[in-house]
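S.K.: Take a look at query26.cif, mmCIF, C-alpha atoms:
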data_my_file
#
loop_
_atom_site.label_atom_id
_atom_site.label_comp_id
_atom_site.auth_asym_id
_atom_site.auth_seq_id
_atom_site.Cartn_x
_atom_site.Cartn_y
_atom_site.Cartn_z
CA MET A 150 -143.85 27.01 157.30
CA GLN A 151 -141.45 29.98 157.27
CA GLU A 152 -140.55 29.84 160.98
CA SER A 153 -139.30 26.28 160.97
CA LEU A 154 -137.69 26.30 157.51
CA LYS A 155 -134.58 24.17 157.74
CA PHE A 156 -133.46 24.11 154.13
CA GLU A 157 -134.45 25.58 150.79
CA LYS A 158 -132.81 25.24 147.38
CA SER A 159 -133.77 25.44 143.73
CA PHE A 160 -132.27 23.13 141.14
CA ALA A 161 -132.28 23.72 137.38
CA VAL A 162 -133.40 20.95 135.02
CA GLU A 163 -132.53 21.01 131.34
CA GLY A 164 -135.30 19.94 129.00
CA GLY A 165 -134.69 17.31 126.34
CA SER A 166 -131.53 15.84 127.77
CA PHE A 167 -131.84 12.38 129.26
CA GLN A 168 -128.09 12.51 129.84
CA ASN A 169 -128.46 14.16 133.22
CA ALA A 170 -131.99 13.07 134.03
CA GLY A 171 -132.12 12.00 137.66
CA ASN A 172 -129.16 14.14 138.81
CA VAL A 173 -131.34 16.66 140.60
CA SER A 174 -133.37 13.91 142.29
CA GLY A 175 -130.11 12.33 143.44
CA GLN A 176 -128.92 15.62 144.88
CA ILE A 177 -132.22 16.19 146.68
CA LYS A 178 -132.10 12.69 148.13
CA SER A 179 -128.57 13.33 149.45
CA VAL A 180 -129.64 16.59 151.06
CA LEU A 181 -132.58 14.92 152.79
CA LYS A 182 -130.41 12.11 154.10
CA ASP A 183 -127.89 14.62 155.45
CA LEU A 184 -130.71 16.51 157.18
CA GLY A 185 -131.78 13.32 158.91
CA VAL A 186 -135.21 13.21 157.28
CA PRO A 187 -136.93 9.87 158.03
CA LYS A 188 -136.24 7.13 155.48
CA ASP A 189 -139.81 6.57 154.37
CA ILE A 190 -140.18 10.27 153.59
CA VAL A 191 -136.89 10.31 151.65
CA ARG A 192 -138.15 7.35 149.64
CA ARG A 193 -141.41 9.08 148.71
CA VAL A 194 -139.72 12.36 147.87
CA ALA A 195 -137.22 10.52 145.65
CA ILE A 196 -140.10 9.06 143.64
CA ILE A 197 -142.00 12.34 143.19
CA CYS A 198 -138.77 14.21 142.36
CA TYR A 199 -137.72 11.68 139.78
CA GLU A 200 -141.09 11.64 138.05
CA SER A 201 -141.09 15.45 138.03
CA GLU A 202 -137.59 15.60 136.64
CA ILE A 203 -138.39 13.10 133.89
CA ASN A 204 -141.51 15.08 132.96
CA ILE A 205 -139.48 18.26 132.56
CA VAL A 206 -136.83 16.43 130.53
CA SER A 207 -139.43 14.67 128.39
CA TYR A 208 -141.67 17.59 127.57
CA ALA A 209 -140.34 21.00 128.58
CA LYS A 210 -137.64 23.38 127.34
CA LYS A 211 -136.37 23.76 130.88
CA GLY A 212 -137.56 23.91 134.45
CA THR A 213 -136.71 24.14 138.12
CA ILE A 214 -137.32 21.88 141.08
CA THR A 215 -137.37 23.65 144.45
CA LEU A 216 -136.91 21.76 147.69
CA ALA A 217 -138.07 23.20 151.02
CA VAL A 218 -137.69 21.27 154.27
CA THR A 219 -139.23 21.93 157.68
CA ASP A 220 -139.73 19.73 160.71
CA ASP A 221 -143.24 18.96 159.56
CA ALA A 222 -142.94 18.46 155.84
CA VAL A 223 -140.90 18.31 152.67
CA LYS A 224 -142.19 20.51 149.86
CA ILE A 225 -141.28 19.95 146.23
CA GLU A 226 -142.27 22.65 143.78
CA THR A 227 -141.66 22.25 140.06
CA LYS A 228 -142.03 24.93 137.40
CA ASP A 229 -141.34 24.45 133.74
CA GLU A 230 -141.33 26.35 130.46
CA GLY A 231 -143.02 23.97 128.10
CA PRO A 232 -146.11 22.96 126.17
CA GLY A 233 -148.37 22.89 129.23
CA ILE A 234 -151.13 20.34 129.80
CA PRO A 235 -154.43 20.94 127.96
CA ASP A 236 -156.47 18.48 130.05
CA ILE A 237 -155.08 17.90 133.53
CA ASP A 238 -157.66 15.27 134.55
CA LEU A 239 -156.81 13.24 131.48
CA ALA A 240 -153.09 13.63 132.06
CA MET A 241 -153.49 12.36 135.65
CA LYS A 242 -155.10 9.12 134.43
CA GLU A 243 -152.90 6.06 134.83
CA GLY A 244 -151.72 4.81 131.47
CA TYR A 245 -152.38 8.07 129.61
CA SER A 246 -149.18 9.28 127.96
CA THR A 247 -148.10 11.64 125.22
CA ALA A 248 -144.58 10.20 125.07
CA THR A 249 -142.89 9.37 121.76
CA ALA A 250 -142.00 5.82 120.74
CA ALA A 251 -138.31 6.45 121.36
CA VAL A 252 -139.02 7.60 124.91
CA ARG A 253 -141.29 4.59 125.53
CA GLU A 254 -138.64 2.13 124.44
CA MET A 255 -136.41 3.50 127.18
CA GLY A 256 -139.08 2.48 129.62
CA PHE A 257 -140.58 5.92 130.16
CA GLY A 258 -143.97 7.03 128.94
CA ALA A 259 -145.98 4.34 130.70
CA GLY A 260 -148.36 7.08 131.78
CA MET A 261 -147.63 6.67 135.48
CA GLY A 262 -145.67 9.84 136.21
CA LEU A 263 -148.39 12.18 137.45
CA ALA A 264 -150.26 9.28 139.03
CA ASN A 265 -147.16 8.36 141.04
CA MET A 266 -146.61 11.98 142.04
CA LYS A 267 -150.16 12.10 143.40
CA LYS A 268 -149.92 8.71 145.08
CA TYR A 269 -146.68 9.37 146.94
CA SER A 270 -147.36 12.93 148.06
CA ASP A 271 -149.84 13.99 150.72
CA HIS A 272 -150.94 17.11 148.89
CA LEU A 273 -150.57 17.92 145.20
CA ILE A 274 -151.59 21.06 143.34
CA ILE A 275 -151.04 21.29 139.60
CA THR A 276 -151.58 24.32 137.38
CA SER A 277 -150.78 24.65 133.73
CA GLU A 278 -151.14 26.96 130.77
CA VAL A 279 -150.93 25.64 127.24
CA GLY A 280 -147.98 27.16 125.42
CA VAL A 281 -146.47 28.49 128.65
CA GLY A 282 -145.73 25.69 131.09
CA THR A 283 -146.72 23.69 134.14
CA CYS A 284 -146.34 24.07 137.92
CA VAL A 285 -146.70 21.28 140.42
CA THR A 286 -146.50 21.71 144.19
CA MET A 287 -146.30 18.62 146.35
CA MET A 288 -146.03 18.14 150.10
CA VAL A 289 -144.89 15.04 151.92
CA MET A 290 -145.88 15.36 155.57
CA ASN A 291 -143.82 14.07 158.45
CA VAL A 292 -146.71 12.30 160.12
CA GLN A 293 -144.75 11.09 163.13
CA LYS A 294 -143.70 14.61 163.97
CA LEU A 295 -147.24 15.93 163.44
CA LEU A 296 -148.67 13.42 165.88
CA HIS A 297 -146.19 14.32 168.61
CA PRO A 298 -148.14 15.73 171.57
CA ASP A 299 -145.58 18.44 172.39
CA LEU A 300 -145.72 20.08 168.99
CA PRO A 301 -147.45 23.40 168.38
CA PRO A 302 -150.29 23.37 165.81
CA VAL A 303 -149.10 22.98 162.21
CA ASN A 304 -149.44 25.94 159.89
CA LEU A 305 -150.23 24.55 156.44
CA ARG A 306 -150.11 26.98 153.54
CA MET B 190 -127.21 -13.34 150.44
CA GLU B 191 -124.24 -11.28 149.39
CA LEU B 192 -124.22 -10.07 145.80
CA GLU B 193 -120.79 -11.59 145.30
CA THR B 194 -122.16 -15.02 146.17
CA LEU B 195 -125.07 -14.58 143.77
CA VAL B 196 -122.64 -13.64 141.00
CA ARG B 197 -120.60 -16.76 141.62
CA GLU B 198 -123.54 -19.15 141.96
CA LEU B 199 -125.20 -17.90 138.80
CA ASN B 200 -122.06 -17.38 136.77
CA LEU B 201 -122.92 -13.75 136.05
CA LYS B 202 -120.53 -11.57 134.13
CA VAL B 203 -119.49 -8.51 136.12
CA SER B 204 -119.69 -5.55 133.79
CA CYS B 205 -119.45 -2.55 136.16
CA ALA B 206 -118.43 -1.69 139.71
CA ALA B 207 -116.72 -4.98 140.49
CA GLY B 208 -115.55 -3.47 143.75
CA SER B 209 -119.07 -3.01 145.10
CA LEU B 210 -120.20 -6.62 145.30
CA LYS B 211 -120.22 -6.92 149.07
CA ARG B 212 -123.81 -5.76 149.27
CA GLU B 213 -126.68 -7.69 150.74
CA VAL B 214 -129.36 -8.83 148.29
CA LYS B 215 -132.65 -8.69 150.19
CA GLY B 216 -135.09 -9.37 147.36
CA GLY B 217 -135.59 -8.92 143.65
CA TYR B 218 -137.44 -6.76 141.19
CA VAL B 219 -138.04 -7.29 137.47
CA GLY B 220 -138.95 -4.20 135.51
CA ASP B 221 -138.31 -2.35 132.28
CA LEU B 222 -140.75 0.49 132.91
CA LEU B 223 -138.89 3.00 135.04
CA SER B 224 -141.93 4.52 136.77
CA ASP B 225 -142.88 1.04 137.89
CA VAL B 226 -139.38 0.33 139.21
CA MET B 227 -139.30 3.72 140.97
CA ALA B 228 -142.64 3.08 142.62
CA ASN B 229 -142.40 -0.60 143.50
CA SER B 230 -138.82 -1.75 143.94
CA LYS B 231 -137.31 -1.91 147.41
CA GLU B 232 -133.95 -1.05 148.91
CA GLY B 233 -131.63 -4.05 148.60
CA ASP B 234 -133.51 -5.59 145.67
CA ILE B 235 -131.51 -7.00 142.80
CA TRP B 236 -133.01 -5.28 139.75
CA ILE B 237 -133.44 -7.43 136.64
CA THR B 238 -133.97 -5.52 133.41
CA ARG B 239 -133.07 -5.31 129.78
CA GLN B 240 -132.82 -1.52 129.70
CA VAL B 241 -129.22 -0.50 129.01
CA HIS B 242 -129.43 3.28 128.75
CA GLN B 243 -127.83 5.47 131.38
CA ASN B 244 -131.06 6.32 133.17
CA ILE B 245 -130.98 2.90 134.83
CA VAL B 246 -128.06 4.12 136.95
CA ALA B 247 -130.06 7.09 138.29
CA VAL B 248 -132.98 4.82 139.15
CA ALA B 249 -130.71 2.19 140.74
CA SER B 250 -129.07 4.87 142.85
CA LEU B 251 -132.33 6.55 143.91
CA LYS B 252 -133.84 3.22 144.96
CA ASP B 253 -130.65 1.88 146.63
CA VAL B 254 -130.92 -1.45 144.83
CA ALA B 255 -128.20 -4.02 145.46
CA GLY B 256 -127.31 -4.05 141.77
CA ILE B 257 -128.60 -4.44 138.22
CA ILE B 258 -128.72 -7.68 136.22
CA LEU B 259 -129.04 -7.20 132.46
CA ILE B 260 -130.76 -10.12 130.77
CA GLN B 261 -130.41 -11.83 127.40
CA GLY B 262 -126.78 -10.87 127.13
CA SER B 263 -127.49 -7.13 127.00
CA GLU B 264 -124.49 -4.95 127.62
CA PRO B 265 -124.68 -1.53 129.27
CA ALA B 266 -124.30 1.42 126.92
CA HIS B 267 -120.98 3.24 127.08
CA ASP B 268 -122.24 6.15 129.19
CA THR B 269 -124.20 3.76 131.40
CA ALA B 270 -121.03 1.85 132.24
CA ALA B 271 -119.15 5.08 132.99
CA LYS B 272 -121.90 6.28 135.34
CA ALA B 273 -122.28 2.91 137.04
CA ASN B 274 -118.55 2.67 137.70
CA ALA B 275 -118.44 6.25 138.96
CA GLU B 276 -121.33 5.66 141.36
CA GLY B 277 -120.41 2.14 142.40
CA ILE B 278 -123.60 0.54 141.08
CA PRO B 279 -122.85 -3.08 140.13
CA ILE B 280 -124.06 -4.11 136.68
CA LEU B 281 -124.05 -7.84 135.97
CA VAL B 282 -124.94 -9.66 132.78
CA THR B 283 -126.64 -12.98 132.11
CA ASP B 284 -127.45 -14.68 128.82
CA LEU B 285 -130.71 -15.96 130.23
CA PRO B 286 -134.12 -14.32 129.81
CA ALA B 287 -135.92 -12.81 132.81
CA PHE B 288 -138.06 -15.80 133.78
CA GLU B 289 -135.16 -18.21 133.98
CA ILE B 290 -132.71 -15.96 135.81
CA VAL B 291 -135.38 -14.94 138.30
CA GLY B 292 -136.19 -18.59 138.90
CA LYS B 293 -132.57 -19.27 139.76
CA ILE B 294 -132.20 -16.18 141.95
CA TYR B 295 -135.43 -17.04 143.76
CA GLN B 296 -134.10 -20.50 144.58
CA LEU B 297 -131.01 -18.96 146.12
CA ILE B 298 -132.52 -16.15 148.16
CA LYS B 299 -135.91 -17.63 149.07
CA PRO B 300 -135.39 -21.36 149.51
CA MET C 103 -149.28 -28.54 135.46
CA THR C 104 -152.67 -27.06 134.62
CA LEU C 105 -153.77 -23.43 134.56
CA LYS C 106 -155.78 -24.20 137.71
CA GLU C 107 -152.58 -25.06 139.57
CA VAL C 108 -151.01 -21.82 138.29
CA GLN C 109 -154.00 -19.99 139.72
CA ASP C 110 -153.48 -21.65 143.09
CA ILE C 111 -149.73 -21.00 143.21
CA LEU C 112 -150.23 -17.33 142.40
CA GLU C 113 -153.46 -16.89 144.41
CA ALA C 114 -154.76 -15.40 141.20
CA GLU C 115 -158.17 -14.18 140.14
CA VAL C 116 -159.52 -15.62 136.88
CA LEU C 117 -160.85 -12.76 134.77
CA VAL C 118 -161.31 -14.61 131.48
CA GLY C 119 -161.36 -18.35 130.83
CA ARG C 120 -162.97 -19.96 133.88
CA ASP C 121 -163.79 -22.85 131.55
CA GLN C 122 -160.21 -23.27 130.37
CA LEU C 123 -158.44 -23.96 133.64
CA GLN C 124 -157.54 -27.52 132.65
CA LYS C 125 -155.22 -26.23 129.92
CA PRO C 126 -151.73 -27.70 130.34
CA VAL C 127 -148.89 -25.31 131.10
CA ARG C 128 -145.18 -26.04 130.81
CA THR C 129 -143.32 -22.85 129.92
CA ALA C 130 -143.50 -19.15 130.69
CA PHE C 131 -142.11 -15.86 129.48
CA ALA C 132 -142.01 -12.49 131.27
CA ALA C 133 -142.17 -9.11 129.50
CA ASP C 134 -143.35 -5.59 130.25
CA LEU C 135 -142.49 -3.99 126.94
CA MET C 136 -144.81 -4.65 124.02
CA SER C 137 -141.90 -5.06 121.62
CA ASP C 138 -140.46 -7.83 123.77
CA VAL C 139 -143.75 -9.68 123.83
CA LEU C 140 -143.80 -9.61 120.05
CA ALA C 141 -140.19 -10.60 119.66
CA PHE C 142 -139.86 -13.40 122.17
CA ALA C 143 -143.19 -14.94 123.12
CA LYS C 144 -143.51 -18.60 122.17
CA PRO C 145 -146.50 -20.84 121.35
CA ASP C 146 -148.15 -22.69 124.24
CA SER C 147 -146.40 -20.54 126.78
CA LEU C 148 -147.72 -18.44 129.66
CA LEU C 149 -147.14 -14.71 129.27
CA LEU C 150 -146.37 -12.94 132.55
CA THR C 151 -146.82 -9.20 132.15
CA GLY C 152 -148.09 -5.93 133.57
CA LEU C 153 -149.40 -4.81 130.19
CA THR C 154 -153.18 -4.60 130.17
CA ASN C 155 -153.97 -3.24 126.71
CA PRO C 156 -155.87 -5.12 123.96
CA GLN C 157 -152.74 -5.38 121.77
CA VAL C 158 -151.34 -7.90 124.26
CA VAL C 159 -154.38 -10.11 123.65
CA ARG C 160 -154.01 -9.80 119.87
CA THR C 161 -150.37 -10.80 120.18
CA ALA C 162 -151.23 -13.69 122.46
CA ASP C 163 -153.70 -14.89 119.88
CA ILE C 164 -151.30 -14.62 116.94
CA LEU C 165 -148.52 -16.35 118.87
CA ASP C 166 -150.72 -19.06 120.43
CA ILE C 167 -149.99 -18.04 124.00
CA THR C 168 -151.72 -20.36 126.45
CA ALA C 169 -152.75 -17.66 128.93
CA ILE C 170 -151.92 -14.14 130.09
CA ILE C 171 -150.97 -13.68 133.74
CA LEU C 172 -151.21 -10.06 134.81
CA VAL C 173 -148.89 -9.24 137.71
CA ARG C 174 -148.74 -6.48 140.33
CA GLY C 175 -152.50 -6.68 140.74
CA LYS C 176 -153.07 -5.20 137.30
CA LYS C 177 -156.56 -5.48 135.88
CA PRO C 178 -157.32 -5.41 132.16
CA SER C 179 -159.55 -2.79 130.58
CA GLU C 180 -163.07 -3.78 129.54
CA GLU C 181 -161.96 -3.71 125.92
CA THR C 182 -159.14 -6.14 126.72
CA VAL C 183 -161.49 -8.51 128.54
CA LYS C 184 -163.99 -8.51 125.66
CA LEU C 185 -161.30 -9.29 123.13
CA ALA C 186 -159.86 -12.08 125.30
CA GLU C 187 -163.32 -13.64 125.67
CA GLU C 188 -163.84 -13.45 121.95
CA LEU C 189 -160.46 -15.01 121.14
CA LYS C 190 -160.69 -17.46 124.05
CA ILE C 191 -157.46 -16.39 125.73
CA PRO C 192 -157.53 -16.86 129.52
CA ILE C 193 -156.48 -13.88 131.64
CA LEU C 194 -155.54 -14.29 135.29
CA SER C 195 -154.47 -11.54 137.66
CA THR C 196 -152.13 -11.99 140.61
CA ARG C 197 -151.09 -9.45 143.22
CA TYR C 198 -147.56 -10.83 143.25
CA ILE C 199 -144.87 -8.84 141.50
CA LEU C 200 -143.19 -10.23 138.40
CA PHE C 201 -140.16 -11.35 140.41
CA GLU C 202 -142.25 -13.31 142.90
CA THR C 203 -144.56 -14.68 140.18
CA SER C 204 -141.65 -15.95 138.09
CA GLY C 205 -139.87 -17.30 141.15
CA ARG C 206 -142.87 -19.27 142.38
CA LEU C 207 -143.72 -20.77 139.00
CA HIS C 208 -140.12 -21.68 138.31
CA ALA C 209 -139.87 -23.34 141.72
CA LYS C 210 -142.85 -25.50 140.83
CA GLY C 211 -141.31 -26.70 137.57
CA ILE C 212 -142.37 -24.21 134.90
CA LYS C 213 -139.50 -23.63 132.50
CA GLY C 214 -138.49 -20.57 130.50
CA CYS C 215 -139.71 -20.80 126.94
CA ILE C 216 -136.39 -19.82 125.42
CA GLU C 217 -132.98 -20.83 126.71
CA LYS C 218 -131.35 -17.62 125.51
CA VAL C 219 -131.66 -15.17 122.66
CA GLY C 220 -130.33 -16.68 119.49
CA GLY C 221 -131.41 -20.15 120.52
CA GLU C 222 -133.75 -22.43 118.61
CA ILE C 223 -137.24 -21.18 117.85
#
Take the structure from the file and write it as structure tokens.
M.R.:
Amino acid sequence: MQESLKFEKSFAVEGGSFQNAGNVSGQIKSVLKDLGVPKDIVRRVAIICYESEINIVSYAKKGTITLAVTDDAVKIETKDEGPGIPDIDLAMKEGYSTATAAVREMGFGAGMGLANMKKYSDHLIITSEVGVGTCVTMMVMNVQKLLHPDLPPVNLR
Amino acid sequence: MELETLVRELNLKVSCAAGSLKREVKGGYVGDLLSDVMANSKEGDIWITRQVHQNIVAVASLKDVAGIILIQGSEPAHDTAAKANAEGIPILVTDLPAFEIVGKIYQLIKP
Amino acid sequence: MTLKEVQDILEAEVLVGRDQLQKPVRTAFAADLMSDVLAFAKPDSLLLTGLTNPQVVRTADILDITAIILVRGKKPSEETVKLAEELKIPILSTRYILFETSGRLHAKGIKGCIEKVGGEI
């Protein structure tokens, strides 16, 4: 991925503040549009970014979302300092949520965040340590580019 | 149909971004759960909701919706209005509940 | 119209209440937040929702809702189905989104069950 890296940037997300929730996702979307990334990919990345950002805001003290763009893929990596997830399989289940009532009334906490992140990315790896925090790495592949006959083989790491 | 036309036909109150009404409304989406709206709404949809907090502006912007209609006479919160005006996201208000306003919109955009 | 006609308009699957499809239907209400269902649902109305938990069935029972229409292809949990069978509340599921579901029913003459908030109960 290193050779064809077109863009890389880390964005800070403040935990607990819904005031700015979505700002980072908006910035990432702008960057992707400026880079000429195909629309359907921008759409999927916007969803996984937003869900990630809301998770950090909802549960963590703080976190970062890192964007990396190549010709073949968009990678979103999130890292947070927070409570961590004791049971990842359970957390990934649609409808499972640990959100407070106040958060639910805003329309969050429907238990779809992680499920959406998995659904709209092509690869997702999640690691977590209780009392420390959570990391999620997601890739959205540029399928059209990958299927192009003139391309060299893709190096997926 | 242009958003401006929809506003006129349905007698909607324009609460924010009155200068951004020349957008094309391609469809509609009703949703108060933001993950659902993020996952399932489409670009150009008119988004019908009763959520008034400022996160609706982020979602509306990320999904490139044509605008937001708040139902049952809900008014946007102060910071919501500020954000919507700053970003040019139209927020419109109707007294009607979701079912009725959707029915009327549907008649206009999908005859 | 009858619940059977609602099923046809929405190309819906009947999950509970195959024997209740002749029930008359005149009004409908859409809600995705539990608190809205509680606050605004009216007797003899259809409830259009994406909520699939058993509390929705309890509420439907208390408020004399005619039937629950699940949208966006949502399917109820086993617990929800059992409760609905017990309380005799029909549940249908349509793949149409709430916007499309409301639009289609409204076009065929179903009315909203409240004019606006603050109106007559």
S.K.: Provide as a PyMOL selection string the residues of chain C at most 10 Å from chain A, counting all atoms listed in the file.
M.R.: chain C and resi 134-137+153-155
S.K.: Output the selection as an mmCIF file, in the frame of the given file - C-alpha atoms for each residue.
M.R.:
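Output contents, as saved in selection-v4.cif:
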data_model
loop_
_atom_site.group_PDB
_atom_site.id
_atom_site.type_symbol
_atom_site.label_atom_id
_atom_site.label_comp_id
_atom_site.auth_asym_id
_atom_site.auth_seq_id
_atom_site.Cartn_x
_atom_site.Cartn_y
_atom_site.Cartn_z
ATOM 1 C CA ASP C 134 -143.350 -5.590 130.250
ATOM 2 C CA LEU C 135 -142.490 -3.990 126.940
ATOM 3 C CA MET C 136 -144.810 -4.650 124.020
ATOM 4 C CA SER C 137 -141.900 -5.060 121.620
ATOM 5 C CA LEU C 153 -149.400 -4.810 130.190
ATOM 6 C CA THR C 154 -153.180 -4.600 130.170
ATOM 7 C CA ASN C 155 -153.970 -3.240 126.710
#
S.K.: Since I can't run it myself right now, could you work out what the PyMOL selection byres ((chain B and resi 236) around 12) selects here and report it as number ranges by chain?
M.R.: B: 192, 214-223, 225-227, 229-235, 237-240, 245-246, 248-250, 252-260, 278-282, 287, 290-291, 294; C: 200-201
S.K.: Would you compute the distance between CA of Ser270 (chain A) and CA of Gly231 (chain A)? Give it in Å to one decimal.
M.R.: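 These atoms are spaced 23.2 Å apart.
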S.K.: Quick one: which residues end up in the PyMOL selection byres ((chain C) within 12 of (chain B)) for this structure, as a compact mmCIF listing (two decimals) with C-alpha atoms, in the coordinates of the input?
M.R.:
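out.txt, freshly written:
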# COMPACT_ATOMS: atom_id res chain seq x y z
CA THR C 129 -143.32 -22.85 129.92
CA ALA C 130 -143.50 -19.15 130.69
CA PHE C 131 -142.11 -15.86 129.48
CA ALA C 132 -142.01 -12.49 131.27
CA ALA C 133 -142.17 -9.11 129.50
CA ASP C 134 -143.35 -5.59 130.25
CA LEU C 135 -142.49 -3.99 126.94
CA MET C 136 -144.81 -4.65 124.02
CA SER C 137 -141.90 -5.06 121.62
CA ASP C 138 -140.46 -7.83 123.77
CA PHE C 142 -139.86 -13.40 122.17
CA ALA C 143 -143.19 -14.94 123.12
CA SER C 147 -146.40 -20.54 126.78
CA LEU C 148 -147.72 -18.44 129.66
CA LEU C 149 -147.14 -14.71 129.27
CA LEU C 150 -146.37 -12.94 132.55
CA THR C 151 -146.82 -9.20 132.15
CA GLY C 152 -148.09 -5.93 133.57
CA LEU C 153 -149.40 -4.81 130.19
CA VAL C 173 -148.89 -9.24 137.71
CA ARG C 174 -148.74 -6.48 140.33
CA LYS C 176 -153.07 -5.20 137.30
CA TYR C 198 -147.56 -10.83 143.25
CA ILE C 199 -144.87 -8.84 141.50
CA LEU C 200 -143.19 -10.23 138.40
CA PHE C 201 -140.16 -11.35 140.41
CA GLU C 202 -142.25 -13.31 142.90
CA THR C 203 -144.56 -14.68 140.18
CA SER C 204 -141.65 -15.95 138.09
CA GLY C 205 -139.87 -17.30 141.15
CA ARG C 206 -142.87 -19.27 142.38
CA LEU C 207 -143.72 -20.77 139.00
CA HIS C 208 -140.12 -21.68 138.31
CA ALA C 209 -139.87 -23.34 141.72
CA LYS C 210 -142.85 -25.50 140.83
CA GLY C 211 -141.31 -26.70 137.57
CA ILE C 212 -142.37 -24.21 134.90
CA LYS C 213 -139.50 -23.63 132.50
CA GLY C 214 -138.49 -20.57 130.50
CA CYS C 215 -139.71 -20.80 126.94
CA ILE C 216 -136.39 -19.82 125.42
CA GLU C 217 -132.98 -20.83 126.71
CA LYS C 218 -131.35 -17.62 125.51
CA VAL C 219 -131.66 -15.17 122.66
CA GLY C 220 -130.33 -16.68 119.49
CA GLY C 221 -131.41 -20.15 120.52
S.K.: Decode the PyMOL selection byres ((chain A) within 7 of (chain B)) for the given file into explicit residues and return them as an mmCIF file with C-alpha atoms, keeping the file's coordinate frame.
M.R.:
data_model
loop_
_atom_site.group_PDB
_atom_site.id
_atom_site.type_symbol
_atom_site.label_atom_id
_atom_site.label_comp_id
_atom_site.auth_asym_id
_atom_site.auth_seq_id
_atom_site.Cartn_x
_atom_site.Cartn_y
_atom_site.Cartn_z
ATOM 1 C CA ALA A 170 -131.990 13.070 134.030
ATOM 2 C CA GLY A 171 -132.120 12.000 137.660
ATOM 3 C CA GLY A 175 -130.110 12.330 143.440
ATOM 4 C CA ALA A 195 -137.220 10.520 145.650
ATOM 5 C CA ILE A 196 -140.100 9.060 143.640
ATOM 6 C CA MET A 255 -136.410 3.500 127.180
ATOM 7 C CA GLY A 256 -139.080 2.480 129.620
ATOM 8 C CA PHE A 257 -140.580 5.920 130.160
ATOM 9 C CA ALA A 259 -145.980 4.340 130.700
ATOM 10 C CA MET A 261 -147.630 6.670 135.480
ATOM 11 C CA GLY A 262 -145.670 9.840 136.210
#
S.K.: Grab the CA of Glu226 (chain A) to CA of Cys198 (chain A) distance for me, in Å with one decimal place.
M.R.: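 Atom-to-atom, CA of Glu226 (chain A) and CA of Cys198 (chain A) are spaced 9.2 Å apart.
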S.K.: Using all atoms listed in the file, give me every residue within 7 Å of (-162.9, -11.1, 128.4) in file coordinates, as a count of residues only.
M.R.: 9
S.K.: Give me region 237-248 of chain B with N, CA and C atoms filled in, as a JSON list (two decimals), in the frame of the given file.
M.R.:
[["chain", "number", "residue", "atom", "x", "y", "z"],
["B", 237, "ILE", "N", -133.63, -6.70, 137.89],
["B", 237, "ILE", "CA", -133.44, -7.43, 136.64],
["B", 237, "ILE", "C", -134.14, -6.68, 135.53],
["B", 238, "THR", "N", -133.40, -6.31, 134.50],
["B", 238, "THR", "CA", -133.97, -5.52, 133.41],
["B", 238, "THR", "C", -133.24, -5.75, 132.12],
["B", 239, "ARG", "N", -133.82, -5.27, 131.03],
["B", 239, "ARG", "CA", -133.07, -5.31, 129.78],
["B", 239, "ARG", "C", -132.79, -3.89, 129.26],
["B", 240, "GLN", "N", -133.14, -2.90, 130.08],
["B", 240, "GLN", "CA", -132.82, -1.52, 129.70],
["B", 240, "GLN", "C", -131.33, -1.28, 129.90],
["B", 241, "VAL", "N", -130.67, -0.70, 128.91],
["B", 241, "VAL", "CA", -129.22, -0.50, 129.01],
["B", 241, "VAL", "C", -128.81, 0.96, 128.97],
["B", 242, "HIS", "N", -129.79, 1.86, 128.86],
["B", 242, "HIS", "CA", -129.43, 3.28, 128.75],
["B", 242, "HIS", "C", -129.10, 3.84, 130.13],
["B", 243, "GLN", "N", -128.44, 4.99, 130.14],
["B", 243, "GLN", "CA", -127.83, 5.47, 131.38],
["B", 243, "GLN", "C", -128.82, 5.87, 132.46],
["B", 244, "ASN", "N", -130.09, 5.99, 132.14],
["B", 244, "ASN", "CA", -131.06, 6.32, 133.17],
["B", 244, "ASN", "C", -131.24, 5.20, 134.19],
["B", 245, "ILE", "N", -130.84, 3.99, 133.86],
["B", 245, "ILE", "CA", -130.98, 2.90, 134.83],
["B", 245, "ILE", "C", -130.07, 3.15, 136.04],
["B", 246, "VAL", "N", -128.97, 3.86, 135.82],
["B", 246, "VAL", "CA", -128.06, 4.12, 136.95],
["B", 246, "VAL", "C", -128.71, 5.08, 137.93],
["B", 247, "ALA", "N", -129.36, 6.13, 137.41],
["B", 247, "ALA", "CA", -130.06, 7.09, 138.29],
["B", 247, "ALA", "C", -131.12, 6.37, 139.12],
["B", 248, "VAL", "N", -131.90, 5.55, 138.46],
["B", 248, "VAL", "CA", -132.98, 4.82, 139.15],
["B", 248, "VAL", "C", -132.38, 3.87, 140.20]]
